[in-house]
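Only one structure is covered here, and it is reproduced in the block below.
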Amino acid sequence: MSRQPYTAAQYRKLVSDATPGTRMLRGYLRAFWVGGAICCLGQAITLWAEKLNLGEITNPMFTTSVMIFLGTTLTGLGVYDRIGKYAGAGSAVPVTGFANSVAAPAIEFQREGAVTGVGARLFTLAGPVLAYGIASSVAVGVVYWLVRGWVM
Amino acid sequence: MNTIMPFVKAFLIGGLICCVGQALIMNTKLTNARILVIFVVSGVFLTALGLYKPLVDFAGAGATVPLTGFGYSLAMGAIEAVNKYGLIGAFVGGVTRTAAGITAAVVFGLLNALLFKPHAKS
């Protein structure tokens, strides 16, 4: 009997926990509810911004800035990385995750100094995101300019 | 109901967009940096094709808070600035529209690095 440490039910649970299907479903559920919750927080800040009578363009700017403030502060407090371990893409994809990717390496590499440590590492992840994001927005603008000129 | 529905929509759409990211993490070997880049660039091109604006109108923060929304702002900014200033607008609009977010990230990131010590990785 000592060779059978698991009961049939325990063994089934062991198998289902180790099966990729269950683990993947759990990953999606966590990403879904945490990501959804962060977006709800953004919606709440948007409503707050509407009460402050911000315009159609400045309202999203305000919302993004507040979200980024929350993201960097939670990163500094060491909370955001713990959320990230639980939620995966649920906390990485929202703009708070972008804030985390700016603040986290800057904090981590403090020891390398204010310029090549903090200053340069701020852009470890933000650099590629801004480079390709801005470049593609210029491409879109130029194509739009060409098409508009051609149509009119 | 009018106050609850926007939150339900934001939750559902925001959650779904994050699930797309989760699918990329679990099914491919892409690093986080690559996934963030893919999200922003897809946001830019989906907006240019006119596909992202309806999602923003429908889901509000559910579409603007994920990084695809950052791409949406970049593209909308570039297009509107071209309307206003012509070709040079393509170089002006994207960053103008996202300036608050970029500056907030840099300034608050910098402040955090000054205020907080690194946390031990557990």
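Residue numbering restarts at 1 for every chain of the structure tokens, chains are lettered A, B, ... in their displayed order, and ligands are numbered from 1 as they appear.
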Excluding same-chain residues fewer than 2 positions from B:Leu114, what lies within 10 Å of it counting only C-alpha atoms, as a ChimeraX atom specification?
-> /A:76,106-107,110,114,118 /B:108-112,116-117
Residues as selected, N, CA and C atoms, written as a compact mmCIF listing (two decimals), in the first residue's frame, can you do that?
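Output saved as result.txt:
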# COMPACT_ATOMS: atom_id res chain seq x y z
N GLY A 76 7.02 51.21 -7.80
CA GLY A 76 7.98 51.64 -6.77
C GLY A 76 7.73 50.94 -5.44
N ALA A 106 14.37 51.32 -14.25
CA ALA A 106 15.02 52.51 -13.71
C ALA A 106 15.33 52.33 -12.23
N ILE A 107 14.38 51.74 -11.50
CA ILE A 107 14.58 51.52 -10.07
C ILE A 107 15.66 50.45 -9.85
N GLN A 110 19.43 51.63 -10.35
CA GLN A 110 19.88 52.82 -9.64
C GLN A 110 21.38 52.81 -9.39
N ALA A 114 22.96 57.94 -12.00
CA ALA A 114 21.78 58.72 -12.37
C ALA A 114 21.62 58.82 -13.89
N VAL A 118 19.72 55.10 -14.12
CA VAL A 118 18.30 55.48 -14.14
C VAL A 118 17.89 56.07 -15.49
N PHE B 108 7.27 60.42 -13.78
CA PHE B 108 6.92 59.60 -12.61
C PHE B 108 7.89 58.43 -12.46
N GLY B 109 8.36 57.89 -13.59
CA GLY B 109 9.36 56.83 -13.53
C GLY B 109 10.64 57.32 -12.87
N LEU B 110 11.05 58.53 -13.25
CA LEU B 110 12.25 59.14 -12.68
C LEU B 110 12.08 59.39 -11.18
N LEU B 111 10.93 59.98 -10.80
CA LEU B 111 10.65 60.25 -9.39
C LEU B 111 10.69 58.96 -8.57
N ASN B 112 10.10 57.90 -9.15
CA ASN B 112 10.09 56.62 -8.44
C ASN B 112 11.48 56.09 -8.21
N PHE B 116 12.34 55.31 -4.39
CA PHE B 116 12.27 53.93 -3.90
C PHE B 116 13.59 53.19 -4.12
N LYS B 117 13.85 52.27 -3.22
CA LYS B 117 15.00 51.38 -3.36
C LYS B 117 14.53 50.14 -4.13
Show which residues sit within 6 Å of stretch 100-107 of chain B, as a ChimeraX atom specification. Count only C-alpha atoms, and ignore same-chain residues fewer than 2 positions away.
-> /A:61,64-65,68,99 /B:98,109-110
Non-local contacts of stretch 8-18 of chain B (7 Å; only C-alpha atoms; under 6 positions in same chain excluded) as a ChimeraX atom specification | /A:31-33,35-37,39-40,43,89-90,93 /B:59-63,66
Nearest residue to chain B from the set A:Val138, A:Ala87, A:Val15, A:Val151 (distances using only C-alpha atoms) | A:Val138
For chain B, the nearest of the candidates A:Thr58, A:Thr7, A:Asn53, A:Ser16, counting only C-alpha atoms = A:Thr58
Using only C-alpha atoms, find the one residue out of B:Thr96, B:Met26, B:Ala90, B:Asn32 that sits nearest to chain A.
->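 The closest residue to chain A is B:Ala90.
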For A:Ser136, which residue out of B:Leu51, B:Ala113, B:Ile4, B:Leu74 is the nearest one, using only C-alpha atoms?
-> B:Leu74
12 Å contact set for B:Ala75, only C-alpha atoms, chain neighbours under 6 positions out, as a PyMOL selection string = (chain A and resi 133-144) or (chain B and resi 40-53+68-69+81-82+89-98)
Mind pulling up the distance from atom CA of A:Ile38 to atom CA of A:Arg26?
->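 Atom-to-atom, atom CA of A:Arg26 to atom CA of A:Ile38, that is 18.2 Å.
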Could you please determine the separation between atom CA of B:Pro118 and atom CA of A:Glu108 in Å, to one decimal place?
->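 A separation of 5.2 Å between them.
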Can you work out which one of B:Met76, B:Ile88, B:Val37, B:Cys19 has the shortest atom-to-atom distance to A:Met24, counting only C-alpha atoms?
->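 Checking each of B:Met76, B:Ile88, B:Val37, B:Cys19 against A:Met24, counting only C-alpha atoms, the winner is B:Cys19.
In terms of minimum interatomic distance to B:Ala99, A:Leu130 ranks closest within A:Glu56, A:Thr46, A:Gly113, A:Leu130, counting only C-alpha atoms.
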Within 9 Å of A:Gly71, counting only C-alpha atoms, which residues show up once you throw out same-chain ones fewer than 5 positions away? Write them as a list in words, please.
->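 These residues fall inside the cut-off: Val66, Gly76, Tyr80, Val95, Thr96, Gly97, Phe98, Ala99, Asn100 and Ala103 of chain A; Ala105 of chain B.
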Just to be explicit: take each residue in the selection above, keep N, CA and C atoms, and write the result as a compact mmCIF listing (two decimals), in the first residue's frame.
# COMPACT_ATOMS: atom_id res chain seq x y z
N VAL A 66 -3.01 59.81 -15.12
CA VAL A 66 -3.33 59.28 -13.79
C VAL A 66 -3.03 57.78 -13.73
N GLY A 76 7.02 51.21 -7.80
CA GLY A 76 7.98 51.64 -6.77
C GLY A 76 7.73 50.94 -5.44
N TYR A 80 3.25 46.16 -8.14
CA TYR A 80 2.86 45.85 -9.51
C TYR A 80 3.50 44.57 -10.04
N VAL A 95 -2.02 50.36 -20.04
CA VAL A 95 -1.01 51.41 -20.03
C VAL A 95 -0.25 51.44 -18.69
N THR A 96 -0.87 50.91 -17.62
CA THR A 96 -0.16 50.80 -16.35
C THR A 96 1.04 49.85 -16.48
N GLY A 97 0.92 48.86 -17.37
CA GLY A 97 2.01 47.94 -17.61
C GLY A 97 3.16 48.63 -18.34
N PHE A 98 2.80 49.57 -19.23
CA PHE A 98 3.81 50.39 -19.90
C PHE A 98 4.55 51.23 -18.85
N ALA A 99 3.78 51.82 -17.91
CA ALA A 99 4.38 52.61 -16.83
C ALA A 99 5.32 51.74 -16.00
N ASN A 100 4.88 50.52 -15.74
CA ASN A 100 5.71 49.57 -14.99
C ASN A 100 7.01 49.27 -15.74
N ALA A 103 9.30 52.30 -15.15
CA ALA A 103 9.80 52.53 -13.78
C ALA A 103 10.66 51.37 -13.28
N ALA B 105 5.02 59.15 -17.93
CA ALA B 105 5.80 57.92 -17.71
C ALA B 105 7.25 58.26 -17.36
